[in-house]
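Since the structure comes first, as structure tokens, the remarks are kept for the end.
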Amino acid sequence: MMFNTKPLVALFEQHLYEFPTHELFGWLLDDVLAGFGVPIAYPPRAESHELLKDLSGQYARLVRDHAPFSDLLGQLYMALAYRSVKGSMGQYFSPPNLATMMAEITIGGSEMPTGQPVRVCDPACGSGVMLLSAADSVMRRHGEDSLKDLSLTGTDIDPLCSKMAAVQLLGNCAMHGLSLGEVVIYRGNSLGDAKDLKVVVHASHADFDASPPAHHPARVAALQEAAARQVTACRNATAF
């Protein structure tokens, strides 16, 4: 499954020698998140402001023109890594087709409990493709209103990845007029010390009970349990 990110790739490539690509990519993510009220820790250079407007506008148009919950930023990230800065951005994410298949196997055939939250957690979320696929699967099988009962939690140790996941989930809801019950994205090691987890975003629908807070021990324990299960599954898979 390929998405048309060429307009964004072209904008990045036009300014390849003015700004480091990984730095400009991070500024784009910060710019979009700022639109959702997330403070910017390190403001971009003043000379990048006009370019960031163009990048943010182009990203918004691409989200609008693609199907909801498409992993545009994951594909963009890998395209930029391949073309220009492999050493700085050399990560590779789960292909959307694989993520869709896994979402269908995991939750696609399940009934949505009426009035009860359905929680999905990815302790190493990358660009957020698994969470995007989970939302897409629920929406296609149970309708848009069912998204209001869906709680999505993601964590990644890479600051760019955690921001990508947050941007894609929030951006898709905004551009397609959709409402997720809850989105919680952390930056940090989901197997590490809880105090090192940083909340990138914790957003919820008005009718969704978003308690307890993101750093509550019960939430962190559930995240760490999911991460431990993922590690065990990977070890078991490599044993064959």
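Ligands are numbered from 1 in the order shown, residues from 1 within each chain, and chains are lettered A, B, ... in the order they appear in the structure tokens.
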
Neighbours of Pro43 (chain A) within 9 Å (only C-alpha atoms; same-chain residues fewer than 3 positions away dropped), as a ChimeraX atom specification?
/A:27,30,40,46

Tell me which protein, DNA and RNA residues are within 10 Å of region 171-180 of chain A, counting only C-alpha atoms, leaving out same-chain ones fewer than 6 positions away, and put them as number ranges by chain.
A: 32-33, 35-36, 59-71, 132, 135, 139, 144-152, 165, 203-206, 208

Export C-alpha atoms of the chosen residues as a PDB file, in the first residue's frame?
ATOM      1  CA  VAL A  32       1.438  20.515  13.710  1.00  0.00           C
ATOM      2  CA  LEU A  33       1.308  19.551  17.392  1.00  0.00           C
ATOM      3  CA  GLY A  35      -1.891  23.561  16.478  1.00  0.00           C
ATOM      4  CA  PHE A  36      -3.370  21.084  18.983  1.00  0.00           C
ATOM      5  CA  TYR A  59       0.695  17.736   5.002  1.00  0.00           C
ATOM      6  CA  ALA A  60      -2.862  18.788   5.896  1.00  0.00           C
ATOM      7  CA  ARG A  61      -3.906  18.551   2.229  1.00  0.00           C
ATOM      8  CA  LEU A  62      -2.383  15.076   1.891  1.00  0.00           C
ATOM      9  CA  VAL A  63      -4.206  13.845   4.999  1.00  0.00           C
ATOM     10  CA  ARG A  64      -7.443  15.302   3.628  1.00  0.00           C
ATOM     11  CA  ASP A  65      -6.952  13.657   0.230  1.00  0.00           C
ATOM     12  CA  HIS A  66      -6.086  10.185   1.551  1.00  0.00           C
ATOM     13  CA  ALA A  67      -8.275   7.679   3.335  1.00  0.00           C
ATOM     14  CA  PRO A  68      -8.553   8.215   7.105  1.00  0.00           C
ATOM     15  CA  PHE A  69      -5.733   6.804   9.216  1.00  0.00           C
ATOM     16  CA  SER A  70      -3.238   6.401   6.351  1.00  0.00           C
ATOM     17  CA  ASP A  71       0.385   6.178   7.527  1.00  0.00           C
ATOM     18  CA  LEU A 132      -3.775   3.889  12.830  1.00  0.00           C
ATOM     19  CA  ALA A 135      -8.636   2.781  14.373  1.00  0.00           C
ATOM     20  CA  MET A 139     -14.225   2.347  11.960  1.00  0.00           C
ATOM     21  CA  GLU A 144     -17.412   6.116  12.935  1.00  0.00           C
ATOM     22  CA  ASP A 145     -19.291   6.449  16.221  1.00  0.00           C
ATOM     23  CA  SER A 146     -17.474   3.395  17.579  1.00  0.00           C
ATOM     24  CA  LEU A 147     -14.211   5.366  17.512  1.00  0.00           C
ATOM     25  CA  LYS A 148     -15.468   7.358  20.498  1.00  0.00           C
ATOM     26  CA  ASP A 149     -15.095   4.200  22.606  1.00  0.00           C
ATOM     27  CA  LEU A 150     -11.551   3.519  21.382  1.00  0.00           C
ATOM     28  CA  SER A 151      -8.532   4.350  23.561  1.00  0.00           C
ATOM     29  CA  LEU A 152      -5.162   4.270  21.789  1.00  0.00           C
ATOM     30  CA  ALA A 165       2.268   8.885  16.106  1.00  0.00           C
ATOM     31  CA  ALA A 203      -6.264  13.960  24.431  1.00  0.00           C
ATOM     32  CA  SER A 204      -9.791  12.635  24.801  1.00  0.00           C
ATOM     33  CA  HIS A 205     -13.332  13.062  23.535  1.00  0.00           C
ATOM     34  CA  ALA A 206     -15.657  15.047  25.805  1.00  0.00           C
ATOM     35  CA  PHE A 208     -14.887   9.614  27.201  1.00  0.00           C
TER      36      PHE A 208
END

Measure the distance from CA of Gly143 (chain A) to CA of Ala222 (chain A) in Å and round it to one decimal.
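Between CA of Gly143 (chain A) and CA of Ala222 (chain A) the gap is 27.3 Å.
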
I'd like the interatomic distance between CA of Ile157 (chain A) and CA of Tyr186 (chain A), to a tenth of an Å.
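CA of Tyr186 (chain A) lies at a distance of 8.4 Å from CA of Ile157 (chain A).
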
With a distance cut-off of 8 Å and only C-alpha atoms, select the neighbouring residues of region 223-228 of chain A, excluding the residue or stretch itself and same-chain residues fewer than 5 positions from it, and output the selection as a PyMOL selection string.
chain A and resi 121-124+190-191

Taking N, CA, C and O atoms for each residue, export the selection above as a short mmCIF file (atom, residue, chain, number, x, y, z; two decimals), in the first residue's frame.
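In the end it all went to selection_20.cif:
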data_model
loop_
_atom_site.label_atom_id
_atom_site.label_comp_id
_atom_site.auth_asym_id
_atom_site.auth_seq_id
_atom_site.Cartn_x
_atom_site.Cartn_y
_atom_site.Cartn_z
N CYS A 121 -2.91 -0.89 22.77
CA CYS A 121 -1.62 -0.34 23.19
C CYS A 121 -0.51 -0.89 22.30
O CYS A 121 -0.45 -2.08 22.03
N ASP A 122 0.35 0.01 21.84
CA ASP A 122 1.56 -0.38 21.10
C ASP A 122 2.75 0.20 21.84
O ASP A 122 3.00 1.41 21.79
N PRO A 123 3.52 -0.64 22.56
CA PRO A 123 4.62 -0.15 23.39
C PRO A 123 5.87 0.24 22.61
O PRO A 123 6.84 0.72 23.20
N ALA A 124 5.88 0.02 21.30
CA ALA A 124 6.98 0.47 20.44
C ALA A 124 6.35 0.92 19.13
O ALA A 124 6.42 0.24 18.11
N SER A 190 9.30 1.81 27.15
CA SER A 190 8.14 1.22 27.84
C SER A 190 8.54 0.10 28.79
O SER A 190 7.72 -0.33 29.61
N LEU A 191 9.78 -0.36 28.72
CA LEU A 191 10.28 -1.37 29.65
C LEU A 191 11.16 -0.76 30.74
O LEU A 191 11.66 -1.46 31.61
#

If you run DSSP on the backbone, which residues of region 65-209 of chain A are alpha helix (DSSP H), as a PyMOL selection string?
chain A and resi 65+72-83+96-103+129-142+159-176

May I ask which of the residues A:Ala218, A:Tyr42, A:Leu80, A:Gly26 is the closest one to Asp158 (chain A), counting only C-alpha atoms?
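Between A:Ala218, A:Tyr42, A:Leu80, A:Gly26, the residue approaching Asp158 (chain A) most closely is A:Gly26.
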
May I ask which of the residues A:Leu8, A:Leu72, A:Leu197, A:Leu16 is the closest one to Leu55 (chain A), counting only C-alpha atoms?
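Closest residue, counting only C-alpha atoms: A:Leu8.
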
d(CA of Val9 (chain A), CA of Tyr77 (chain A)) in Å:
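Here the two named atoms are 9.1 Å from each other.
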
For Lys195 (chain A), the nearest of the candidates A:Cys234, A:Thr106, A:Gly181, A:Ala214, counting only C-alpha atoms
A:Ala214

With only C-alpha atoms as the basis for distance, which of A:Thr21, A:Thr153, A:Gln75, A:Ser56 is at the shortest distance from Thr5 (chain A)?
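Among the listed residues, the smallest separation from Thr5 (chain A) belongs to A:Gln75.
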
Within 10 Å of Ser48 (chain A) using only C-alpha atoms, minus same-chain residues under 5 positions, as a PyMOL selection string
chain A and resi 15+18-19+24+27+53

Next, write the just-selected residues to a file, as a CSV table (one decimal), in the first residue's frame, keeping N, CA and C atoms as the atom set.
chain,number,residue,atom,x,y,z
A,15,HIS,N,15.0,22.1,-0.1
A,15,HIS,CA,15.7,22.8,1.0
A,15,HIS,C,16.7,21.9,1.7
A,18,GLU,N,19.7,23.8,3.0
A,18,GLU,CA,19.4,24.9,4.0
A,18,GLU,C,19.3,24.4,5.4
A,19,PHE,N,18.6,23.2,5.5
A,19,PHE,CA,18.2,22.7,6.9
A,19,PHE,C,18.5,21.2,6.9
A,24,LEU,N,14.4,19.5,10.2
A,24,LEU,CA,13.2,20.1,9.6
A,24,LEU,C,12.0,19.2,9.8
A,27,TRP,N,10.7,19.9,13.2
A,27,TRP,CA,10.0,21.2,13.3
A,27,TRP,C,8.6,21.0,12.7
A,53,LYS,N,5.2,26.7,7.2
A,53,LYS,CA,3.8,26.9,6.8
A,53,LYS,C,3.5,26.1,5.6

Option closest in space to Gly37 (chain A), from A:Val231, A:Val201, A:Val220, A:Asp207 [counting only C-alpha atoms]
A:Val201

So that I can see what lies close to Pro213 (chain A), please list as a short mmCIF file (atom, residue, chain, number, x, y, z; two decimals) with C-alpha atoms, in the first residue's frame the residues with an atom at most 10 Å from it, counting only C-alpha atoms and leaving out residues fewer than 6 positions away in the same chain.
data_model
loop_
_atom_site.label_atom_id
_atom_site.label_comp_id
_atom_site.auth_asym_id
_atom_site.auth_seq_id
_atom_site.Cartn_x
_atom_site.Cartn_y
_atom_site.Cartn_z
CA VAL A 184 -2.15 8.78 24.88
CA HIS A 202 -3.09 12.97 26.23
CA ARG A 219 -1.61 2.98 33.18
#
